[in-house]
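Engineer: Data: structure33.csv, CSV, N, CA and C atoms.
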```
chain,number,residue,atom,x,y,z
K,237,MET,N,-75.4,-143.6,29.2
K,237,MET,CA,-75.0,-144.7,28.3
K,237,MET,C,-73.7,-145.2,28.8
K,238,PRO,N,-73.6,-146.5,29.0
K,238,PRO,CA,-72.3,-147.1,29.4
K,238,PRO,C,-71.3,-147.0,28.2
K,239,ASN,N,-70.0,-146.8,28.5
K,239,ASN,CA,-69.0,-146.7,27.4
K,239,ASN,C,-68.4,-148.1,27.2
K,240,ALA,N,-67.5,-148.2,26.2
K,240,ALA,CA,-66.9,-149.4,25.8
K,240,ALA,C,-66.1,-150.1,27.0
K,241,SER,N,-65.4,-149.3,27.7
K,241,SER,CA,-64.6,-149.8,28.8
K,241,SER,C,-65.5,-150.4,29.9
K,242,GLN,N,-66.7,-149.8,30.2
K,242,GLN,CA,-67.6,-150.3,31.2
K,242,GLN,C,-68.2,-151.7,30.7
K,243,PHE,N,-68.5,-151.8,29.4
K,243,PHE,CA,-69.0,-153.1,28.9
K,243,PHE,C,-67.9,-154.1,28.9
K,244,ASN,N,-66.6,-153.7,28.6
K,244,ASN,CA,-65.5,-154.7,28.7
K,244,ASN,C,-65.3,-155.2,30.1
K,245,GLN,N,-65.5,-154.3,31.1
K,245,GLN,CA,-65.4,-154.7,32.5
K,245,GLN,C,-66.5,-155.6,32.9
K,246,ARG,N,-67.7,-155.3,32.5
K,246,ARG,CA,-68.9,-156.0,32.8
K,246,ARG,C,-68.8,-157.5,32.2
K,247,GLY,N,-68.2,-157.6,31.1
K,247,GLY,CA,-68.2,-158.9,30.4
K,247,GLY,C,-66.9,-159.7,30.7
K,248,ALA,N,-66.0,-159.1,31.5
K,248,ALA,CA,-64.7,-159.8,31.7
K,248,ALA,C,-64.7,-161.2,32.3
K,249,SER,N,-65.6,-161.4,33.2
K,249,SER,CA,-65.7,-162.7,33.9
K,249,SER,C,-66.8,-163.5,33.3
K,250,HIS,N,-67.4,-163.1,32.2
K,250,HIS,CA,-68.4,-163.9,31.6
K,250,HIS,C,-68.0,-164.3,30.2
K,251,LEU,N,-68.9,-164.9,29.4
K,251,LEU,CA,-68.5,-165.5,28.1
K,251,LEU,C,-67.8,-164.5,27.2
K,252,PRO,N,-68.2,-163.2,27.1
K,252,PRO,CA,-67.5,-162.3,26.2
K,252,PRO,C,-66.0,-162.2,26.6
K,253,GLY,N,-65.7,-162.0,27.9
K,253,GLY,CA,-64.4,-161.9,28.3
K,253,GLY,C,-63.6,-163.2,28.2
K,254,HIS,N,-64.3,-164.4,28.4
K,254,HIS,CA,-63.6,-165.7,28.2
K,254,HIS,C,-63.2,-165.9,26.8
K,255,LEU,N,-64.0,-165.4,25.8
K,255,LEU,CA,-63.7,-165.6,24.4
K,255,LEU,C,-62.7,-164.6,24.0
K,256,GLY,N,-62.6,-163.4,24.6
K,256,GLY,CA,-61.6,-162.4,24.2
K,256,GLY,C,-62.3,-161.3,23.4
K,257,ILE,N,-63.6,-161.2,23.5
K,257,ILE,CA,-64.3,-160.1,22.8
K,257,ILE,C,-64.0,-158.7,23.4
K,258,VAL,N,-63.6,-157.8,22.6
K,258,VAL,CA,-63.3,-156.4,23.1
K,258,VAL,C,-64.3,-155.5,22.4
K,259,ILE,N,-65.0,-154.7,23.2
K,259,ILE,CA,-65.9,-153.7,22.7
K,259,ILE,C,-65.0,-152.5,22.4
K,260,THR,N,-65.1,-151.9,21.2
K,260,THR,CA,-64.2,-150.8,20.8
K,260,THR,C,-65.0,-149.5,20.7
K,261,HIS,N,-66.3,-149.6,20.6
K,261,HIS,CA,-67.1,-148.3,20.4
K,261,HIS,C,-68.5,-148.6,20.8
K,262,VAL,N,-69.1,-147.7,21.6
K,262,VAL,CA,-70.5,-147.7,22.0
K,262,VAL,C,-71.1,-146.3,21.7
K,263,GLY,N,-72.0,-146.3,20.8
K,263,GLY,CA,-72.6,-145.0,20.4
K,263,GLY,C,-74.1,-145.1,20.3
K,264,ALA,N,-74.7,-144.0,19.9
K,264,ALA,CA,-76.2,-144.1,19.7
K,264,ALA,C,-76.4,-145.0,18.5
K,265,LYS,N,-77.1,-146.0,18.7
K,265,LYS,CA,-77.6,-147.0,17.7
K,265,LYS,C,-76.5,-147.8,17.1
K,266,GLN,N,-75.2,-147.8,17.6
K,266,GLN,CA,-74.2,-148.6,17.1
K,266,GLN,C,-73.2,-149.1,18.1
K,267,VAL,N,-72.8,-150.3,18.0
K,267,VAL,CA,-71.7,-150.9,18.8
K,267,VAL,C,-70.7,-151.6,17.9
K,268,ARG,N,-69.4,-151.4,18.2
K,268,ARG,CA,-68.4,-152.1,17.4
K,268,ARG,C,-67.5,-152.9,18.4
K,269,ALA,N,-67.1,-154.1,17.9
K,269,ALA,CA,-66.3,-155.0,18.7
K,269,ALA,C,-65.4,-155.8,17.9
K,270,GLU,N,-64.4,-156.4,18.5
K,270,GLU,CA,-63.4,-157.2,17.8
K,270,GLU,C,-63.1,-158.5,18.6
K,271,LEU,N,-62.6,-159.5,17.9
K,271,LEU,CA,-62.3,-160.7,18.5
K,271,LEU,C,-61.0,-161.3,17.8
K,272,PRO,N,-59.9,-161.3,18.5
K,272,PRO,CA,-58.7,-161.9,17.9
K,272,PRO,C,-58.9,-163.4,17.7
K,273,ILE,N,-58.6,-163.9,16.6
K,273,ILE,CA,-58.7,-165.4,16.4
K,273,ILE,C,-57.6,-166.1,17.0
K,274,ARG,N,-58.0,-167.2,17.7
K,274,ARG,CA,-57.0,-168.1,18.3
K,274,ARG,C,-57.5,-169.5,18.3
K,275,GLN,N,-56.7,-170.5,18.6
K,275,GLN,CA,-57.0,-171.9,18.5
K,275,GLN,C,-58.3,-172.2,19.3
K,276,ALA,N,-58.5,-171.7,20.4
K,276,ALA,CA,-59.7,-172.0,21.3
K,276,ALA,C,-61.0,-171.6,20.6
K,277,LEU,N,-61.0,-170.7,19.6
K,277,LEU,CA,-62.2,-170.3,18.9
K,277,LEU,C,-62.5,-171.1,17.7
K,278,MET,N,-61.7,-172.0,17.4
K,278,MET,CA,-61.8,-172.8,16.1
K,278,MET,C,-62.7,-174.1,16.3
K,279,ALA,N,-63.3,-174.5,15.3
K,279,ALA,CA,-64.0,-175.8,15.3
K,279,ALA,C,-62.9,-176.9,15.0
K,280,SER,N,-63.3,-178.1,15.2
K,280,SER,CA,-62.4,-179.2,15.1
K,280,SER,C,-61.9,-179.4,13.6
K,281,ASN,N,-62.6,-178.8,12.7
K,281,ASN,CA,-62.2,-178.8,11.3
K,281,ASN,C,-61.1,-177.8,10.9
K,282,GLY,N,-60.7,-176.9,11.9
K,282,GLY,CA,-59.7,-175.9,11.7
K,282,GLY,C,-60.2,-174.6,11.3
K,283,TYR,N,-61.5,-174.4,11.1
K,283,TYR,CA,-62.1,-173.1,10.8
K,283,TYR,C,-62.7,-172.4,12.0
K,284,LEU,N,-62.9,-171.1,11.9
K,284,LEU,CA,-63.5,-170.4,12.9
K,284,LEU,C,-64.9,-171.0,13.3
K,285,HIS,N,-65.1,-171.3,14.5
K,285,HIS,CA,-66.4,-171.9,14.9
K,285,HIS,C,-67.5,-170.9,14.8
K,286,ALA,N,-68.6,-171.4,14.2
K,286,ALA,CA,-69.8,-170.5,14.0
K,286,ALA,C,-70.3,-169.9,15.4
K,287,GLY,N,-70.1,-170.7,16.4
K,287,GLY,CA,-70.5,-170.2,17.7
K,287,GLY,C,-69.7,-169.0,18.2
K,288,SER,N,-68.4,-169.0,17.8
K,288,SER,CA,-67.6,-167.8,18.1
K,288,SER,C,-68.1,-166.6,17.4
K,289,VAL,N,-68.5,-166.7,16.1
K,289,VAL,CA,-69.0,-165.6,15.3
K,289,VAL,C,-70.3,-165.1,15.9
K,290,VAL,N,-71.2,-166.1,16.2
K,290,VAL,CA,-72.5,-165.7,16.7
K,290,VAL,C,-72.4,-165.0,18.1
K,291,THR,N,-71.5,-165.5,18.9
K,291,THR,CA,-71.3,-164.9,20.2
K,291,THR,C,-70.8,-163.4,20.1
K,292,LEU,N,-69.9,-163.2,19.1
K,292,LEU,CA,-69.4,-161.8,18.9
K,292,LEU,C,-70.6,-160.9,18.4
K,293,ALA,N,-71.4,-161.4,17.5
K,293,ALA,CA,-72.5,-160.6,17.0
K,293,ALA,C,-73.6,-160.4,18.1
K,294,ASP,N,-73.9,-161.5,18.8
K,294,ASP,CA,-74.9,-161.4,19.8
K,294,ASP,C,-74.5,-160.5,21.0
K,295,THR,N,-73.2,-160.5,21.4
K,295,THR,CA,-72.7,-159.7,22.4
K,295,THR,C,-72.8,-158.2,22.0
K,296,SER,N,-72.4,-157.9,20.7
K,296,SER,CA,-72.4,-156.6,20.2
K,296,SER,C,-73.8,-156.0,20.2
K,297,ALA,N,-74.8,-156.8,19.7
K,297,ALA,CA,-76.2,-156.4,19.6
K,297,ALA,C,-76.7,-156.2,21.0
K,298,GLY,N,-76.4,-157.2,21.9
K,298,GLY,CA,-76.9,-157.1,23.3
K,298,GLY,C,-76.4,-155.9,24.0
K,299,TYR,N,-75.2,-155.6,23.9
K,299,TYR,CA,-74.7,-154.4,24.5
K,299,TYR,C,-75.3,-153.1,24.0
K,300,GLY,N,-75.6,-153.2,22.7
K,300,GLY,CA,-76.3,-152.0,22.0
K,300,GLY,C,-77.6,-151.9,22.6
K,301,CYS,N,-78.3,-153.0,22.8
K,301,CYS,CA,-79.7,-153.0,23.4
K,301,CYS,C,-79.6,-152.4,24.9
K,302,ALA,N,-78.6,-152.9,25.6
K,302,ALA,CA,-78.5,-152.5,27.0
K,302,ALA,C,-78.2,-151.0,27.1
K,303,ALA,N,-77.4,-150.5,26.1
K,303,ALA,CA,-77.1,-149.0,26.1
K,303,ALA,C,-78.3,-148.2,25.6
K,304,SER,N,-79.3,-148.8,25.0
K,304,SER,CA,-80.4,-148.1,24.4
K,304,SER,C,-81.8,-148.4,25.1
K,305,LEU,N,-81.7,-148.9,26.3
K,305,LEU,CA,-83.0,-149.2,26.9
K,305,LEU,C,-83.9,-148.0,27.1
K,306,PRO,N,-85.2,-148.1,26.9
K,306,PRO,CA,-86.1,-147.0,27.2
K,306,PRO,C,-86.2,-146.7,28.7
K,307,ALA,N,-86.7,-145.5,29.0
K,307,ALA,CA,-86.9,-145.1,30.4
K,307,ALA,C,-87.8,-146.2,31.1
K,308,GLY,N,-87.4,-146.5,32.3
K,308,GLY,CA,-88.2,-147.5,33.1
K,308,GLY,C,-87.9,-148.9,32.9
K,309,ALA,N,-87.1,-149.3,31.8
K,309,ALA,CA,-86.8,-150.7,31.5
K,309,ALA,C,-85.7,-151.1,32.5
K,310,THR,N,-85.8,-152.4,32.9
K,310,THR,CA,-84.8,-153.0,33.8
K,310,THR,C,-83.9,-153.9,33.1
K,311,GLY,N,-84.1,-154.3,31.9
K,311,GLY,CA,-83.2,-155.2,31.1
K,311,GLY,C,-83.9,-155.6,29.9
K,312,PHE,N,-83.3,-156.8,29.3
K,312,PHE,CA,-83.8,-157.3,28.1
K,312,PHE,C,-83.5,-158.8,28.1
K,313,THR,N,-84.2,-159.5,27.1
K,313,THR,CA,-83.8,-160.9,26.8
K,313,THR,C,-83.9,-161.1,25.3
K,314,THR,N,-83.0,-161.8,24.8
K,314,THR,CA,-83.1,-162.1,23.4
K,314,THR,C,-84.2,-163.2,23.1
K,315,VAL,N,-85.1,-162.8,22.2
K,315,VAL,CA,-86.2,-163.8,21.8
K,315,VAL,C,-86.0,-164.4,20.5
K,316,GLU,N,-85.1,-163.9,19.6
K,316,GLU,CA,-84.9,-164.5,18.3
K,316,GLU,C,-83.6,-164.0,17.8
K,317,LEU,N,-82.8,-164.9,17.2
K,317,LEU,CA,-81.6,-164.6,16.5
K,317,LEU,C,-81.4,-165.4,15.3
K,318,LYS,N,-80.8,-164.9,14.3
K,318,LYS,CA,-80.5,-165.5,13.0
K,318,LYS,C,-79.2,-165.1,12.5
K,319,SER,N,-78.5,-166.1,11.9
K,319,SER,CA,-77.2,-165.7,11.3
K,319,SER,C,-77.0,-166.4,10.0
K,320,ASN,N,-76.4,-165.7,9.0
K,320,ASN,CA,-76.1,-166.3,7.7
K,320,ASN,C,-74.5,-166.2,7.7
K,321,HIS,N,-73.9,-167.4,7.5
K,321,HIS,CA,-72.5,-167.4,7.5
K,321,HIS,C,-72.0,-167.5,6.1
K,322,LEU,N,-71.2,-166.5,5.7
K,322,LEU,CA,-70.8,-166.3,4.3
K,322,LEU,C,-69.4,-166.7,4.0
K,323,GLY,N,-68.6,-166.9,5.1
K,323,GLY,CA,-67.2,-167.2,4.9
K,323,GLY,C,-66.6,-167.5,6.3
K,324,THR,N,-65.3,-167.6,6.3
K,324,THR,CA,-64.6,-167.9,7.5
K,324,THR,C,-63.3,-167.2,7.6
K,325,ALA,N,-62.6,-167.4,8.7
K,325,ALA,CA,-61.2,-166.9,8.8
K,325,ALA,C,-60.4,-167.9,9.6
K,326,LEU,N,-59.1,-167.9,9.3
K,326,LEU,CA,-58.2,-168.8,10.0
K,326,LEU,C,-57.3,-168.1,10.9
K,327,ASP,N,-57.1,-166.8,10.8
K,327,ASP,CA,-56.2,-166.1,11.6
K,327,ASP,C,-56.6,-164.6,11.6
K,328,GLY,N,-55.9,-163.8,12.4
K,328,GLY,CA,-56.1,-162.3,12.4
K,328,GLY,C,-57.2,-162.0,13.4
K,329,THR,N,-58.1,-161.1,13.0
K,329,THR,CA,-59.1,-160.5,13.9
K,329,THR,C,-60.4,-160.4,13.1
K,330,VAL,N,-61.5,-160.8,13.8
K,330,VAL,CA,-62.8,-160.6,13.2
K,330,VAL,C,-63.4,-159.4,13.9
K,331,GLU,N,-64.1,-158.6,13.2
K,331,GLU,CA,-64.7,-157.3,13.7
K,331,GLU,C,-66.2,-157.4,13.5
K,332,CYS,N,-67.0,-156.7,14.4
K,332,CYS,CA,-68.4,-156.7,14.3
K,332,CYS,C,-68.9,-155.2,14.4
K,333,VAL,N,-69.9,-154.9,13.6
K,333,VAL,CA,-70.6,-153.6,13.7
K,333,VAL,C,-72.0,-154.0,13.8
K,334,ALA,N,-72.6,-153.7,15.0
K,334,ALA,CA,-74.0,-153.9,15.3
K,334,ALA,C,-74.7,-152.6,15.2
K,335,THR,N,-75.9,-152.6,14.5
K,335,THR,CA,-76.6,-151.3,14.3
K,335,THR,C,-78.1,-151.5,14.6
K,336,ALA,N,-78.6,-150.6,15.3
K,336,ALA,CA,-80.1,-150.6,15.7
K,336,ALA,C,-80.9,-150.5,14.4
K,337,VAL,N,-81.9,-151.3,14.3
K,337,VAL,CA,-82.9,-151.2,13.2
K,337,VAL,C,-84.2,-150.7,13.8
K,338,HIS,N,-84.5,-151.1,15.0
K,338,HIS,CA,-85.8,-150.7,15.6
K,338,HIS,C,-85.5,-150.6,17.1
K,339,LEU,N,-85.8,-149.4,17.7
K,339,LEU,CA,-85.6,-149.2,19.1
K,339,LEU,C,-87.0,-148.9,19.7
K,340,GLY,N,-87.8,-149.9,20.0
K,340,GLY,CA,-89.1,-149.7,20.5
K,340,GLY,C,-89.2,-149.8,22.0
K,341,ARG,N,-90.4,-149.6,22.5
K,341,ARG,CA,-90.6,-149.7,24.0
K,341,ARG,C,-90.7,-151.1,24.5
K,342,THR,N,-91.1,-152.0,23.6
K,342,THR,CA,-91.3,-153.4,24.0
K,342,THR,C,-90.3,-154.4,23.3
K,343,THR,N,-89.7,-153.9,22.2
K,343,THR,CA,-88.7,-154.8,21.5
K,343,THR,C,-87.7,-153.9,20.8
K,344,GLN,N,-86.5,-154.5,20.6
K,344,GLN,CA,-85.5,-153.9,19.8
K,344,GLN,C,-85.1,-154.9,18.8
K,345,VAL,N,-84.7,-154.4,17.6
K,345,VAL,CA,-84.1,-155.3,16.5
K,345,VAL,C,-82.8,-154.7,16.2
K,346,TRP,N,-81.8,-155.6,16.1
K,346,TRP,CA,-80.4,-155.2,15.8
K,346,TRP,C,-79.8,-156.1,14.7
K,347,ASP,N,-79.1,-155.4,13.7
K,347,ASP,CA,-78.4,-156.1,12.7
K,347,ASP,C,-76.9,-156.0,13.0
K,348,ALA,N,-76.2,-157.1,12.7
K,348,ALA,CA,-74.7,-157.0,12.9
K,348,ALA,C,-74.0,-157.6,11.7
K,349,VAL,N,-72.9,-157.1,11.3
K,349,VAL,CA,-72.1,-157.6,10.2
K,349,VAL,C,-70.7,-157.9,10.8
K,350,VAL,N,-70.3,-159.2,10.6
K,350,VAL,CA,-69.0,-159.6,11.1
K,350,VAL,C,-68.1,-159.8,9.9
K,351,SER,N,-66.9,-159.2,10.0
K,351,SER,CA,-66.0,-159.3,8.9
K,351,SER,C,-64.6,-159.6,9.4
K,352,HIS,N,-63.8,-160.0,8.5
K,352,HIS,CA,-62.4,-160.3,8.7
K,352,HIS,C,-61.6,-159.1,8.5
K,353,ARG,N,-60.9,-158.6,9.5
K,353,ARG,CA,-60.2,-157.3,9.4
K,353,ARG,C,-59.2,-157.3,8.3
K,354,GLU,N,-58.4,-158.3,8.2
K,354,GLU,CA,-57.2,-158.3,7.3
K,354,GLU,C,-57.7,-158.4,5.9
K,355,SER,N,-58.7,-159.2,5.6
K,355,SER,CA,-59.1,-159.3,4.2
K,355,SER,C,-60.3,-158.4,3.8
K,356,GLY,N,-61.0,-157.9,4.8
K,356,GLY,CA,-62.2,-157.1,4.5
K,356,GLY,C,-63.4,-158.0,4.1
K,357,LYS,N,-63.3,-159.3,4.1
K,357,LYS,CA,-64.4,-160.2,3.7
K,357,LYS,C,-65.5,-160.2,4.8
K,358,THR,N,-66.7,-160.3,4.4
K,358,THR,CA,-67.8,-160.5,5.3
K,358,THR,C,-67.9,-161.9,5.7
K,359,ILE,N,-67.9,-162.2,7.0
K,359,ILE,CA,-67.9,-163.5,7.5
K,359,ILE,C,-69.4,-163.9,7.8
K,360,ALA,N,-70.2,-163.0,8.4
K,360,ALA,CA,-71.6,-163.4,8.7
K,360,ALA,C,-72.4,-162.1,8.8
K,361,LEU,N,-73.7,-162.3,8.5
K,361,LEU,CA,-74.8,-161.3,8.7
K,361,LEU,C,-75.7,-161.9,9.8
K,362,PHE,N,-76.1,-161.0,10.7
K,362,PHE,CA,-76.8,-161.5,11.9
K,362,PHE,C,-77.9,-160.5,12.2
K,363,ARG,N,-79.0,-161.0,12.7
K,363,ARG,CA,-80.1,-160.2,13.2
K,363,ARG,C,-80.7,-160.8,14.4
K,364,CYS,N,-81.0,-159.9,15.4
K,364,CYS,CA,-81.7,-160.4,16.6
K,364,CYS,C,-82.7,-159.5,17.1
K,365,THR,N,-83.7,-160.0,17.8
K,365,THR,CA,-84.8,-159.3,18.4
K,365,THR,C,-84.7,-159.5,19.9
K,366,GLN,N,-84.8,-158.4,20.6
K,366,GLN,CA,-84.8,-158.4,22.1
K,366,GLN,C,-86.1,-157.9,22.6
K,367,MET,N,-86.6,-158.6,23.7
K,367,MET,CA,-87.8,-158.1,24.4
K,367,MET,C,-87.3,-157.3,25.5
K,368,ILE,N,-87.9,-156.1,25.7
K,368,ILE,CA,-87.5,-155.2,26.7
K,368,ILE,C,-88.3,-155.6,28.0
K,369,LEU,N,-87.6,-155.7,29.1
K,369,LEU,CA,-88.2,-156.1,30.4
K,369,LEU,C,-88.4,-154.9,31.3
K,370,TYR,N,-89.4,-154.9,32.1
K,370,TYR,CA,-89.8,-153.9,33.0
K,370,TYR,C,-90.0,-154.5,34.4
K,371,GLY,N,-89.7,-153.9,35.5
K,371,GLY,CA,-90.0,-154.4,36.8
K,371,GLY,C,-91.5,-154.5,37.1
K,372,LYS,N,-91.8,-155.4,38.0
K,372,LYS,CA,-93.2,-155.5,38.4
K,372,LYS,C,-93.7,-154.3,39.2
K,373,ALA,N,-94.9,-153.9,38.9
K,373,ALA,CA,-95.5,-152.7,39.5
K,373,ALA,C,-96.1,-153.1,40.9
```
Go through the file and emit its structure as structure tokens.
Structural biologist:
Amino acid sequence: MPNASQFNQRGASHLPGHLGIVITHVGAKQVRAELPIRQALMASNGYLHAGSVVTLADTSAGYGCAASLPAGATGFTTVELKSNHLGTALDGTVECVATAVHLGRTTQVWDAVVSHRESGKTIALFRCTQMILYGKA
């Protein structure tokens, strides 16, 4: 199972690294990550952009899926995602805890909760489904 440092290195030159997402924990059925809020992550109305929140949650769940692939799998692709945005943040850090709900041979389902570290408020609830990919025989 890759560790947090390996995922941070893997994502450094891609969207997670560009946004500043830091994976802080990778364990069995759970990934934790954080994202320091800065101007580039905000929408034009001054609030944290929903896309920043979704990217944090999707990255956390995706890395959880990658760390939990069944034997013989070569990767995965997201086939569905949903987010409910309950609040926002203007500064500080947002944190995400992604937890496996279903780890099957053909699909995985992950839930993620994004919260504002300083206030403890929940920012968003997120769920995604990944299809597990296998090489051609």
Engineer: Do you know which residues are at most 12 Å from Ala264 (chain K) counting only C-alpha atoms, after dropping those on the same chain fewer than 4 positions away, and could you put them as number ranges by chain?
Structural biologist: K: 237-239, 268, 299-305, 334-337, 339
Engineer: Residues of region 291-333 of chain K that approach region 247-258 of chain K to 12 Å or less, counting only C-alpha atoms: could you list each one with the shortest pair of atoms and its distance in Å to one decimal, rows by chain and increasing residue number, as CSV?
Structural biologist:
```
residue,atom,partner,partner_atom,distance
K:Thr291,CA,K:Pro252,CA,7.6
K:Leu292,CA,K:Ile257,CA,6.6
K:Ala293,CA,K:Ile257,CA,10.1
K:Asp294,CA,K:Pro252,CA,9.8
K:Thr295,CA,K:Pro252,CA,6.9
K:Ser296,CA,K:Ile257,CA,9.2
K:Gly298,CA,K:Pro252,CA,11.1
K:Tyr299,CA,K:Gly247,CA,9.9
K:Thr329,CA,K:Ile257,CA,10.3
K:Val330,CA,K:Ile257,CA,9.7
K:Glu331,CA,K:Ile257,CA,9.5
K:Cys332,CA,K:Ile257,CA,10.0
```
Engineer: Write a file of the selected residues as a PDB file, in the frame of the given file, keeping N, CA and C atoms.
Structural biologist:
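The result, stored in again-v7.pdb:
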```
ATOM      1  N   THR K 291     -71.500-165.500  18.900  1.00  0.00           N
ATOM      2  CA  THR K 291     -71.300-164.900  20.200  1.00  0.00           C
ATOM      3  C   THR K 291     -70.800-163.400  20.100  1.00  0.00           C
ATOM      4  N   LEU K 292     -69.900-163.200  19.100  1.00  0.00           N
ATOM      5  CA  LEU K 292     -69.400-161.800  18.900  1.00  0.00           C
ATOM      6  C   LEU K 292     -70.600-160.900  18.400  1.00  0.00           C
ATOM      7  N   ALA K 293     -71.400-161.400  17.500  1.00  0.00           N
ATOM      8  CA  ALA K 293     -72.500-160.600  17.000  1.00  0.00           C
ATOM      9  C   ALA K 293     -73.600-160.400  18.100  1.00  0.00           C
ATOM     10  N   ASP K 294     -73.900-161.500  18.800  1.00  0.00           N
ATOM     11  CA  ASP K 294     -74.900-161.400  19.800  1.00  0.00           C
ATOM     12  C   ASP K 294     -74.500-160.500  21.000  1.00  0.00           C
ATOM     13  N   THR K 295     -73.200-160.500  21.400  1.00  0.00           N
ATOM     14  CA  THR K 295     -72.700-159.700  22.400  1.00  0.00           C
ATOM     15  C   THR K 295     -72.800-158.200  22.000  1.00  0.00           C
ATOM     16  N   SER K 296     -72.400-157.900  20.700  1.00  0.00           N
ATOM     17  CA  SER K 296     -72.400-156.600  20.200  1.00  0.00           C
ATOM     18  C   SER K 296     -73.800-156.000  20.200  1.00  0.00           C
ATOM     19  N   GLY K 298     -76.400-157.200  21.900  1.00  0.00           N
ATOM     20  CA  GLY K 298     -76.900-157.100  23.300  1.00  0.00           C
ATOM     21  C   GLY K 298     -76.400-155.900  24.000  1.00  0.00           C
ATOM     22  N   TYR K 299     -75.200-155.600  23.900  1.00  0.00           N
ATOM     23  CA  TYR K 299     -74.700-154.400  24.500  1.00  0.00           C
ATOM     24  C   TYR K 299     -75.300-153.100  24.000  1.00  0.00           C
ATOM     25  N   THR K 329     -58.100-161.100  13.000  1.00  0.00           N
ATOM     26  CA  THR K 329     -59.100-160.500  13.900  1.00  0.00           C
ATOM     27  C   THR K 329     -60.400-160.400  13.100  1.00  0.00           C
ATOM     28  N   VAL K 330     -61.500-160.800  13.800  1.00  0.00           N
ATOM     29  CA  VAL K 330     -62.800-160.600  13.200  1.00  0.00           C
ATOM     30  C   VAL K 330     -63.400-159.400  13.900  1.00  0.00           C
ATOM     31  N   GLU K 331     -64.100-158.600  13.200  1.00  0.00           N
ATOM     32  CA  GLU K 331     -64.700-157.300  13.700  1.00  0.00           C
ATOM     33  C   GLU K 331     -66.200-157.400  13.500  1.00  0.00           C
ATOM     34  N   CYS K 332     -67.000-156.700  14.400  1.00  0.00           N
ATOM     35  CA  CYS K 332     -68.400-156.700  14.300  1.00  0.00           C
ATOM     36  C   CYS K 332     -68.900-155.200  14.400  1.00  0.00           C
TER      37      CYS K 332
END
```
Engineer: Just the number, please: distance in Å from CA of Ala309 (chain K) to atom N of His338 (chain K), one decimal.
Structural biologist: 16.7 Å
Engineer: Could you check which of K:Ser241, K:Leu369, K:Ala348, K:Val333 is closest to Glu270 (chain K), using all atoms listed in the file?
Structural biologist: K:Val333
Engineer: Tell me, in Å to one decimal, how far atom C of Ser288 (chain K) is from CA of Gly340 (chain K).
Structural biologist: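 According to the coordinates, atom C of Ser288 (chain K) and CA of Gly340 (chain K) are separated by 27.1 Å.
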Engineer: May I ask for the distance between atom N of Ser319 (chain K) and atom N of Arg363 (chain K), given in Å to one decimal place?
Structural biologist: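 Separating atom N of Ser319 (chain K) from atom N of Arg363 (chain K) is a distance of 5.2 Å.
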Engineer: Choose the residue, out of K:Ala325, K:Ile368, K:Ala240, K:Val349, that has the smallest atom-to-atom separation from Leu277 (chain K); count only C-alpha atoms.
Structural biologist: K:Ala325
Engineer: For the strand (DSSP E) assignment from backbone DSSP, which residues of region 292-332 of chain K qualify? Please present them as a ChimeraX atom specification.
Structural biologist: /K:309-321,329-332
Engineer: Could you pull out the residues in chain K that DSSP calls helix (DSSP H, G or I) from the backbone, as a PyMOL selection string?
Structural biologist: chain K and resi 240-247+251-255+275-277+286-303
